[in-house]
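**Q** Sharing upload_39.cif, mmCIF, C-alpha atoms:
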data_upload
#
loop_
_atom_site.group_PDB
_atom_site.id
_atom_site.type_symbol
_atom_site.label_atom_id
_atom_site.label_comp_id
_atom_site.auth_asym_id
_atom_site.auth_seq_id
_atom_site.Cartn_x
_atom_site.Cartn_y
_atom_site.Cartn_z
ATOM 1 C CA MET R 1 0.000 0.000 0.000
ATOM 2 C CA TYR R 2 2.604 2.525 1.090
ATOM 3 C CA ALA R 3 4.959 1.162 -1.567
ATOM 4 C CA TRP R 4 2.240 1.690 -4.143
ATOM 5 C CA ILE R 5 1.714 5.281 -3.018
ATOM 6 C CA PHE R 6 5.461 5.931 -3.043
ATOM 7 C CA ARG R 7 5.786 4.573 -6.577
ATOM 8 C CA HIS R 8 2.987 6.819 -7.791
ATOM 9 C CA LEU R 9 4.430 10.030 -6.380
ATOM 10 C CA PRO R 10 5.855 12.270 -9.091
ATOM 11 C CA GLY R 11 9.446 13.400 -9.513
ATOM 12 C CA PRO R 12 12.896 12.031 -8.740
ATOM 13 C CA LEU R 13 13.647 10.082 -5.591
ATOM 14 C CA TRP R 14 14.517 13.061 -3.368
ATOM 15 C CA ILE R 15 11.279 14.842 -4.293
ATOM 16 C CA ARG R 16 9.302 11.711 -3.535
ATOM 17 C CA VAL R 17 11.024 11.358 -0.166
ATOM 18 C CA LEU R 18 10.253 15.002 0.567
ATOM 19 C CA ILE R 19 6.586 14.599 -0.393
ATOM 20 C CA SER R 20 6.368 11.467 1.772
ATOM 21 C CA VAL R 21 7.757 13.304 4.787
ATOM 22 C CA LEU R 22 5.306 16.166 4.255
ATOM 23 C CA LEU R 23 2.386 13.749 3.896
ATOM 24 C CA ILE R 24 3.340 11.962 7.119
ATOM 25 C CA ALA R 25 3.722 15.281 8.937
ATOM 26 C CA ALA R 26 0.315 16.415 7.679
ATOM 27 C CA ALA R 27 -1.276 13.158 8.804
ATOM 28 C CA ILE R 28 0.241 13.522 12.296
ATOM 29 C CA LEU R 29 -0.947 17.129 12.552
ATOM 30 C CA VAL R 30 -4.509 16.210 11.577
ATOM 31 C CA LEU R 31 -4.489 13.389 14.145
ATOM 32 C CA MET R 32 -3.132 15.613 16.917
ATOM 33 C CA GLU R 33 -5.335 18.627 16.275
ATOM 34 C CA TYR R 34 -8.633 17.061 15.291
ATOM 35 C CA VAL R 35 -8.889 13.280 15.507
ATOM 36 C CA PHE R 36 -7.430 12.665 18.981
ATOM 37 C CA PRO R 37 -9.339 15.449 20.750
ATOM 38 C CA TRP R 38 -12.511 14.131 19.164
ATOM 39 C CA ALA R 39 -11.731 10.507 20.069
ATOM 40 C CA ASN R 40 -10.918 11.541 23.609
ATOM 41 C CA ARG R 41 -14.267 13.286 24.032
ATOM 42 C CA GLN R 42 -16.066 10.242 22.656
ATOM 43 C CA PHE R 43 -14.436 7.523 24.660
ATOM 44 C CA VAL R 44 -12.164 8.285 27.573
ATOM 45 C CA PRO R 45 -12.122 10.882 30.306
ATOM 46 C CA TRP R 46 -9.002 9.179 31.616
ATOM 47 C CA THR R 47 -7.857 11.932 33.880
ATOM 48 C CA ASP R 48 -10.890 12.807 35.902
ATOM 49 C CA SER R 49 -9.895 14.992 38.829
ATOM 50 C CA THR R 50 -13.235 15.970 40.244
ATOM 51 C CA ILE R 51 -15.143 14.636 43.190
ATOM 52 C CA GLY R 52 -18.726 13.776 43.865
ATOM 53 C CA MET R 53 -20.169 14.317 40.426
ATOM 54 C CA VAL R 54 -20.694 12.637 37.112
ATOM 55 C CA LEU R 55 -18.679 14.466 34.518
ATOM 56 C CA PRO R 56 -20.720 16.392 32.003
ATOM 57 C CA ARG R 57 -20.133 15.349 28.434
ATOM 58 C CA MET M 1 5.144 -9.312 10.633
ATOM 59 C CA PRO M 2 6.677 -11.108 7.655
ATOM 60 C CA GLU M 3 4.118 -9.905 5.111
ATOM 61 C CA ALA M 4 4.774 -6.278 5.846
ATOM 62 C CA ALA M 5 8.504 -6.748 5.814
ATOM 63 C CA GLN M 6 8.273 -8.364 2.447
ATOM 64 C CA VAL M 7 6.220 -5.533 1.043
ATOM 65 C CA THR M 8 8.791 -3.007 2.141
ATOM 66 C CA ARG M 9 11.623 -4.993 0.642
ATOM 67 C CA THR M 10 9.801 -5.367 -2.662
ATOM 68 C CA SER M 11 9.014 -1.704 -2.838
ATOM 69 C CA ALA M 12 12.581 -0.677 -2.045
ATOM 70 C CA GLY M 13 13.807 -2.184 -5.265
ATOM 71 C CA ALA M 14 11.000 -0.671 -7.326
ATOM 72 C CA ALA M 15 12.152 -2.192 -10.590
ATOM 73 C CA PRO M 16 9.799 -1.525 -13.515
ATOM 74 C CA ASP M 17 9.621 -5.166 -14.539
ATOM 75 C CA ARG M 18 9.157 -6.692 -11.166
ATOM 76 C CA PRO M 19 7.219 -9.984 -11.171
ATOM 77 C CA ARG M 20 3.531 -9.470 -10.454
ATOM 78 C CA ARG M 21 2.519 -10.690 -7.036
ATOM 79 C CA ARG M 22 -0.491 -12.793 -6.451
ATOM 80 C CA PRO M 23 -3.585 -10.924 -5.177
ATOM 81 C CA LEU M 24 -3.634 -12.869 -1.911
ATOM 82 C CA ALA M 25 -0.065 -11.853 -1.107
ATOM 83 C CA THR M 26 -0.911 -8.234 -1.900
ATOM 84 C CA ALA M 27 -3.971 -8.381 0.334
ATOM 85 C CA PHE M 28 -1.900 -9.743 3.214
ATOM 86 C CA GLY M 29 0.666 -7.040 2.612
ATOM 87 C CA VAL M 30 -1.919 -4.255 2.810
ATOM 88 C CA PHE M 31 -3.440 -5.883 5.874
ATOM 89 C CA GLY M 32 -0.059 -5.935 7.600
ATOM 90 C CA GLU M 33 0.615 -2.333 6.746
ATOM 91 C CA LEU M 34 -2.769 -1.307 8.146
ATOM 92 C CA PHE M 35 -1.942 -3.086 11.401
ATOM 93 C CA LEU M 36 1.425 -1.369 11.628
ATOM 94 C CA THR M 37 -0.306 1.940 10.969
ATOM 95 C CA ALA M 38 -2.867 1.282 13.688
ATOM 96 C CA GLY M 39 -0.035 0.580 16.134
ATOM 97 C CA ALA M 40 1.716 3.810 15.201
ATOM 98 C CA VAL M 41 -1.539 5.787 15.584
ATOM 99 C CA LEU M 42 -2.147 4.330 19.056
ATOM 100 C CA LEU M 43 1.369 5.294 20.115
ATOM 101 C CA LEU M 44 0.770 8.763 18.715
ATOM 102 C CA PHE M 45 -2.418 9.000 20.756
ATOM 103 C CA VAL M 46 -0.392 8.449 23.922
ATOM 104 C CA VAL M 47 2.052 11.118 22.792
ATOM 105 C CA TRP M 48 -0.868 13.441 22.157
ATOM 106 C CA GLN M 49 -2.451 12.817 25.550
ATOM 107 C CA LEU M 50 0.695 13.077 27.643
ATOM 108 C CA TRP M 51 2.490 15.833 25.771
ATOM 109 C CA TRP M 52 0.526 17.678 23.105
ATOM 110 C CA THR M 53 -2.408 18.512 25.401
ATOM 111 C CA ASN M 54 0.053 20.242 27.715
ATOM 112 C CA LEU M 55 1.299 22.505 24.930
ATOM 113 C CA ASP M 56 -2.207 23.630 23.969
ATOM 114 C CA ALA M 57 -3.444 24.056 27.523
ATOM 115 C CA GLY M 58 -0.192 25.693 28.627
ATOM 116 C CA ARG M 59 -0.641 28.491 26.106
ATOM 117 C CA THR M 60 -4.325 28.934 26.974
ATOM 118 C CA GLN M 61 -3.557 29.125 30.683
ATOM 119 C CA GLU M 62 -0.720 31.604 30.264
ATOM 120 C CA THR M 63 -2.979 33.918 28.291
ATOM 121 C CA ALA M 64 -5.772 33.507 30.850
ATOM 122 C CA VAL M 65 -3.430 34.475 33.706
ATOM 123 C CA GLU M 66 -2.270 37.581 31.876
ATOM 124 C CA ARG M 67 -5.818 38.615 31.047
ATOM 125 C CA ALA M 68 -6.965 37.998 34.619
ATOM 126 C CA LEU M 69 -4.169 40.178 35.973
ATOM 127 C CA GLU M 70 -5.092 42.919 33.499
ATOM 128 C CA GLY M 71 -8.683 42.587 34.682
ATOM 129 C CA PHE M 72 -7.672 42.901 38.354
ATOM 130 C CA ALA M 73 -5.671 46.041 37.655
ATOM 131 C CA GLY M 74 -8.111 47.359 35.085
ATOM 132 C CA THR M 75 -11.126 49.565 34.846
ATOM 133 C CA PRO M 76 -13.803 49.740 37.590
ATOM 134 C CA ALA M 77 -16.431 48.711 35.017
ATOM 135 C CA ARG M 78 -14.700 45.412 34.532
ATOM 136 C CA ASP M 79 -14.236 44.943 38.251
ATOM 137 C CA ALA M 80 -17.923 45.402 38.908
ATOM 138 C CA ALA M 81 -18.790 42.854 36.238
ATOM 139 C CA GLY M 82 -15.967 40.490 37.123
ATOM 140 C CA GLU M 83 -16.454 40.279 40.852
ATOM 141 C CA PRO M 84 -19.907 41.068 42.175
ATOM 142 C CA ALA M 85 -19.231 40.670 45.909
ATOM 143 C CA GLY M 86 -18.884 36.950 46.422
ATOM 144 C CA ASN M 87 -21.534 35.853 43.964
ATOM 145 C CA PRO M 88 -20.848 32.760 41.922
ATOM 146 C CA MET M 89 -19.967 33.707 38.384
ATOM 147 C CA LEU M 90 -20.652 32.238 35.024
ATOM 148 C CA GLU M 91 -18.993 28.946 34.237
ATOM 149 C CA GLY M 92 -15.860 29.618 32.251
ATOM 150 C CA ASP M 93 -15.055 32.976 33.893
ATOM 151 C CA THR M 94 -11.517 33.202 35.204
ATOM 152 C CA PHE M 95 -11.787 35.060 38.507
ATOM 153 C CA ALA M 96 -8.539 34.254 40.325
ATOM 154 C CA VAL M 97 -4.915 33.293 39.858
ATOM 155 C CA MET M 98 -3.264 30.637 42.006
ATOM 156 C CA TYR M 99 0.430 30.729 42.910
ATOM 157 C CA VAL M 100 2.058 27.656 44.456
ATOM 158 C CA PRO M 101 5.823 28.055 44.908
ATOM 159 C CA ARG M 102 6.096 24.345 45.777
ATOM 160 C CA PHE M 103 4.830 23.456 42.296
ATOM 161 C CA GLY M 104 7.553 25.511 40.648
ATOM 162 C CA GLU M 105 9.170 28.884 41.110
ATOM 163 C CA ASP M 106 6.948 30.684 38.616
ATOM 164 C CA PHE M 107 3.840 28.544 39.030
ATOM 165 C CA ALA M 108 0.837 30.758 38.279
ATOM 166 C CA ARG M 109 -2.400 29.340 36.917
ATOM 167 C CA PRO M 110 -5.847 30.763 36.278
ATOM 168 C CA VAL M 111 -8.754 29.673 38.479
ATOM 169 C CA THR M 112 -11.994 29.443 36.526
ATOM 170 C CA ALA M 113 -15.611 28.909 37.544
ATOM 171 C CA GLY M 114 -16.845 25.379 36.892
ATOM 172 C CA VAL M 115 -15.280 21.923 36.916
ATOM 173 C CA GLY M 116 -16.591 20.624 33.588
ATOM 174 C CA LEU M 117 -14.099 19.136 31.154
ATOM 175 C CA ASP M 118 -14.487 22.267 29.026
ATOM 176 C CA VAL M 119 -12.819 24.169 31.888
ATOM 177 C CA LEU M 120 -10.342 21.562 33.160
ATOM 178 C CA ASN M 121 -9.149 20.594 29.668
ATOM 179 C CA THR M 122 -8.358 24.134 28.677
ATOM 180 C CA LEU M 123 -7.985 26.563 31.567
ATOM 181 C CA GLY M 124 -6.647 24.070 34.110
ATOM 182 C CA ILE M 125 -7.894 24.826 37.609
ATOM 183 C CA GLY M 126 -11.680 24.838 38.013
ATOM 184 C CA HIS M 127 -13.743 26.026 40.998
ATOM 185 C CA TYR M 128 -16.548 23.769 42.258
ATOM 186 C CA PRO M 129 -19.536 26.085 41.774
ATOM 187 C CA GLU M 130 -21.348 24.980 44.932
ATOM 188 C CA THR M 131 -18.386 25.827 47.168
ATOM 189 C CA GLN M 132 -17.304 29.148 48.668
ATOM 190 C CA MET M 133 -15.109 31.873 47.179
ATOM 191 C CA PRO M 134 -11.521 32.711 48.204
ATOM 192 C CA GLY M 135 -11.338 34.164 51.699
ATOM 193 C CA GLU M 136 -14.976 33.384 52.444
ATOM 194 C CA LYS M 137 -15.705 31.324 55.565
ATOM 195 C CA GLY M 138 -16.111 27.770 54.355
ATOM 196 C CA ASN M 139 -14.473 25.794 51.606
ATOM 197 C CA PHE M 140 -12.909 27.269 48.485
ATOM 198 C CA ALA M 141 -12.640 24.003 46.510
ATOM 199 C CA VAL M 142 -10.895 23.577 43.175
ATOM 200 C CA ALA M 143 -9.982 20.711 40.842
ATOM 201 C CA ALA M 144 -7.284 20.317 38.200
ATOM 202 C CA HIS M 145 -5.640 17.583 36.191
ATOM 203 C CA ARG M 146 -2.602 15.848 37.583
ATOM 204 C CA GLN M 147 -1.505 14.721 34.133
ATOM 205 C CA THR M 148 -2.268 16.166 30.709
ATOM 206 C CA TYR M 149 -3.994 19.435 29.722
ATOM 207 C CA GLY M 150 -1.435 21.604 31.483
ATOM 208 C CA GLU M 151 -1.281 19.255 34.506
ATOM 209 C CA ALA M 152 -1.666 22.120 36.986
ATOM 210 C CA PHE M 153 -1.678 19.815 40.045
ATOM 211 C CA ARG M 154 1.074 17.469 38.884
ATOM 212 C CA GLU M 155 3.068 18.085 42.084
ATOM 213 C CA ILE M 156 0.104 18.057 44.467
ATOM 214 C CA HIS M 157 1.595 15.145 46.423
ATOM 215 C CA ARG M 158 4.713 17.220 47.165
ATOM 216 C CA LEU M 159 2.935 19.781 49.349
ATOM 217 C CA ARG M 160 4.515 19.838 52.804
ATOM 218 C CA ASP M 161 3.716 21.429 56.152
ATOM 219 C CA GLY M 162 4.451 25.111 55.976
ATOM 220 C CA ASP M 163 3.925 25.406 52.233
ATOM 221 C CA LEU M 164 1.991 28.512 51.280
ATOM 222 C CA ILE M 165 -0.549 28.781 48.482
ATOM 223 C CA TYR M 166 -1.521 32.215 47.214
ATOM 224 C CA VAL M 167 -4.825 33.021 45.545
ATOM 225 C CA GLN M 168 -5.108 36.400 43.876
ATOM 226 C CA THR M 169 -8.449 38.011 43.047
ATOM 227 C CA ALA M 170 -9.401 41.567 42.142
ATOM 228 C CA LYS M 171 -9.550 42.287 45.902
ATOM 229 C CA GLY M 172 -6.062 41.099 46.770
ATOM 230 C CA PHE M 173 -4.011 38.093 47.797
ATOM 231 C CA TYR M 174 -5.283 35.289 50.018
ATOM 232 C CA THR M 175 -2.495 33.273 51.624
ATOM 233 C CA TYR M 176 -3.354 29.699 52.547
ATOM 234 C CA ALA M 177 -1.098 27.410 54.587
ATOM 235 C CA TYR M 178 -1.046 23.764 53.591
ATOM 236 C CA ARG M 179 -2.471 21.466 56.241
ATOM 237 C CA SER M 180 -3.088 17.879 55.116
ATOM 238 C CA THR M 181 -3.609 15.462 52.263
ATOM 239 C CA GLN M 182 -5.894 12.467 52.036
ATOM 240 C CA ILE M 183 -6.823 9.934 49.372
ATOM 241 C CA VAL M 184 -10.574 9.392 48.971
ATOM 242 C CA GLN M 185 -13.088 7.665 46.728
ATOM 243 C CA PRO M 186 -14.252 9.681 43.709
ATOM 244 C CA SER M 187 -17.699 9.839 45.291
ATOM 245 C CA ALA M 188 -16.505 11.437 48.567
ATOM 246 C CA ALA M 189 -18.372 14.713 48.086
ATOM 247 C CA GLU M 190 -18.121 15.474 51.825
ATOM 248 C CA VAL M 191 -14.591 16.839 51.300
ATOM 249 C CA LEU M 192 -16.241 19.738 49.493
ATOM 250 C CA ALA M 193 -18.482 20.647 52.462
ATOM 251 C CA PRO M 194 -17.965 24.089 54.086
ATOM 252 C CA VAL M 195 -16.225 22.170 56.892
ATOM 253 C CA PRO M 196 -14.342 19.539 54.882
ATOM 254 C CA GLY M 197 -15.501 16.037 55.795
ATOM 255 C CA ARG M 198 -18.381 17.266 57.980
ATOM 256 C CA PRO M 199 -21.355 18.191 55.805
ATOM 257 C CA GLY M 200 -23.947 20.348 57.502
ATOM 258 C CA GLU M 201 -21.601 21.892 60.051
ATOM 259 C CA LYS M 202 -21.247 25.653 60.225
ATOM 260 C CA PRO M 203 -17.784 26.800 59.092
ATOM 261 C CA THR M 204 -15.643 28.892 61.418
ATOM 262 C CA GLU M 205 -12.631 29.255 59.147
ATOM 263 C CA ALA M 206 -11.784 29.623 55.467
ATOM 264 C CA VAL M 207 -10.109 26.639 53.866
ATOM 265 C CA LEU M 208 -8.843 25.779 50.409
ATOM 266 C CA THR M 209 -9.418 22.270 49.039
ATOM 267 C CA MET M 210 -7.497 21.083 45.986
ATOM 268 C CA THR M 211 -8.563 17.836 44.311
ATOM 269 C CA SER M 212 -6.946 15.794 41.576
ATOM 270 C CA CYS M 213 -6.736 12.193 40.461
ATOM 271 C CA ASP M 214 -4.782 9.479 42.236
ATOM 272 C CA PRO M 215 -2.757 7.388 41.662
ATOM 273 C CA PRO M 216 -1.167 9.467 38.889
ATOM 274 C CA PHE M 217 -2.352 8.501 35.393
ATOM 275 C CA THR M 218 -5.498 6.828 36.747
ATOM 276 C CA THR M 219 -8.977 7.848 37.855
ATOM 277 C CA ARG M 220 -9.396 5.227 40.545
ATOM 278 C CA MET M 221 -9.159 7.509 43.597
ATOM 279 C CA ARG M 222 -8.846 11.235 44.308
ATOM 280 C CA ILE M 223 -6.091 13.076 46.133
ATOM 281 C CA VAL M 224 -7.367 15.918 48.299
ATOM 282 C CA ALA M 225 -5.106 18.616 49.765
ATOM 283 C CA VAL M 226 -6.538 20.988 52.381
ATOM 284 C CA SER M 227 -5.053 24.342 53.357
ATOM 285 C CA ALA M 228 -6.311 27.015 55.751
ATOM 286 C CA LEU M 229 -6.479 30.763 55.202
ATOM 287 C CA GLU M 230 -3.624 32.441 57.006
ATOM 288 C CA SER M 231 -3.766 36.044 55.903
ATOM 289 C CA PHE M 232 -5.120 38.495 53.366
ATOM 290 C CA THR M 233 -3.159 41.204 51.586
ATOM 291 C CA PRO M 234 -5.275 43.914 49.914
ATOM 292 C CA ALA M 235 -4.431 44.496 46.253
ATOM 293 C CA ALA M 236 -3.268 48.028 47.073
ATOM 294 C CA ASP M 237 -0.457 46.641 49.276
ATOM 295 C CA GLY M 238 0.996 44.605 46.420
ATOM 296 C CA PRO M 239 1.765 40.887 46.310
ATOM 297 C CA PRO M 240 3.318 39.007 49.261
ATOM 298 C CA ALA M 241 7.121 38.917 49.072
ATOM 299 C CA ALA M 242 7.298 35.210 48.186
ATOM 300 C CA ILE M 243 5.475 35.668 44.888
ATOM 301 C CA ALA M 244 6.332 39.307 44.137
ATOM 302 C CA ALA M 245 8.864 38.343 41.449
ATOM 303 C CA THR M 246 6.437 35.975 39.747
ATOM 304 C CA VAL M 247 3.643 38.542 39.700
ATOM 305 C CA ALA M 248 5.975 41.246 38.385
ATOM 306 C CA LYS M 249 7.115 38.944 35.574
ATOM 307 C CA LEU M 250 3.500 38.236 34.567
ATOM 308 C CA GLN M 251 2.527 41.887 34.584
ATOM 309 C CA LYS M 252 5.576 43.027 32.569
#
As structure tokens, what does this structure read like?

**A**
Amino acid sequence: MYAWIFRHLPGPLWIRVLISVLLIAAAILVLMEYVFPWANRQFVPWTDSTIGMVLPR
Amino acid sequence: MPEAAQVTRTSAGAAPDRPRRRPLATAFGVFGELFLTAGAVLLLFVVWQLWWTNLDAGRTQETAVERALEGFAGTPARDAAGEPAGNPMLEGDTFAVMYVPRFGEDFARPVTAGVGLDVLNTLGIGHYPETQMPGEKGNFAVAAHRQTYGEAFREIHRLRDGDLIYVQTAKGFYTYAYRSTQIVQPSAAEVLAPVPGRPGEKPTEAVLTMTSCDPPFTTRMRIVAVSALESFTPAADGPPAAIAATVAKLQK
């Protein structure tokens, strides 16, 4: 899968490596900024510090 | 994962006339790569939770402290709106700044009304709305994360006898002296009573209760640190000596 993507990127090797790095960085940023906060709200209040109440969602 | 390894090796030598692989082998290869990706994403989630959330919340909390200090020093109009004589305020309003030298030399965090995740996950320290205000007779109770989202109370277990905790509002600085720590069940709401641990009793002194999770990285129990009001310094007299440098740095 990743090999297939890499083969279909345009340009010489160094350009393809550069594009790959940028794609990975973009994927990480999207995960960090949007996906993980969303997933955390959906599933796990892991660090609940309050007492005597059910946490509002 | 042999399949995945094979895929990588094949792709490395991306020769144009490479022998075509059978569909089943390709399917296994993609499957393996998806599993590896899932593993990497889960690891990244841990990185996000333990590290990234601190960056975001750290910035938010710094800004909130600066804006609160501006508010304290600012126009009378804002004072009247920001602190109507001991009334509870709207959830999400930052009404105080907490200084705890034991937590770090320049430790200054905003204290905000409400203990919902929308407060704790951004602004850090939240005030239990049903409890009293700083300096008021009774219990000024707050909660904050021990890990993640700025981890304001990360060092809560390090409080020792004689440690002082300063709470600044528009009126001035309330100095609390640390008294004791206990570990309780998450349902132990009596620690938030005006007299901590004795619901229904009439308070004779002003205390500060700080709650967070315990053991660290879990939500099984709660750690509760109680301090008692020692003194009050009106805003006009300036900050107590112990935190004067920190306050000056924030006001810059």

**Q** Just give me the gap between atom CA of R:Leu31 and atom CA of M:Val41 in Å, one decimal is fine.

**A** 8.3 Å

**Q** Report, in Å to a single decimal, how far apart atom CA of M:Lys249 and atom CA of M:Leu50 are.

**A**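 Computed distance, atom CA of M:Leu50 to atom CA of M:Lys249, equals 27.8 Å.
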
**Q** When the PyMOL selection byres ((chain M) within 6 of (chain R)) is applied to the file above, which residues end up in the set, as a ChimeraX atom specification?

**A** /M:11,30,143-145,186-189,212-213,219

**Q** Residues at most 7 Å from stretch 117-131 of chain M, counting all atoms listed in the file, excluding those fewer than 6 positions away in the same chain, as a ChimeraX atom specification?

**A** /M:57,60-61,88,92,110-111,139-145,149-150,152,192

**Q** Please provide the set of residues having any atom within 12 Å of M:Glu66, restricted to only C-alpha atoms, with same-chain residues fewer than 5 positions apart removed, written as an MDAnalysis selection string.

**A** chainID M and resid 59:61 71:74 94:97 108:110 246:252

**Q** What is the atom CA of M:Phe107 to atom CA of M:Arg158 distance in Å?

**A**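 The value is 14.0 Å.
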
**Q** Apply the PyMOL selection byres ((chain M and resi 156) around 10) to the file shown and report the selected residues as a ChimeraX atom specification.

**A** /M:100,102-103,144,146,152-155,157-160,181,210-213,223-225

**Q** Taking only C-alpha atoms into account, which of M:Pro239, M:Pro203, M:Gly32, M:Glu230 comes nearest M:Gln132?

**A**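 Of M:Pro239, M:Pro203, M:Gly32, M:Glu230, the one nearest M:Gln132, counting only C-alpha atoms, is M:Pro203.
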
**Q** Which residues would end up in the selection if the PyMOL selection byres ((chain M and resi 226) around 6) were applied here, given that I need the answer as a PyMOL selection string?

**A** chain M and resi 179-180+208-209+225+227

**Q** Residues at most 12 Å from R:Leu9, counting all atoms listed in the file, excluding those fewer than 5 positions away in the same chain, as a list of chain:residue names?

**A**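 The neighbour list is R:Tyr2, R:Ala3, R:Trp4, R:Trp14, R:Ile15, R:Arg16, R:Val17, R:Leu18, R:Ile19, R:Ser20, R:Leu23.
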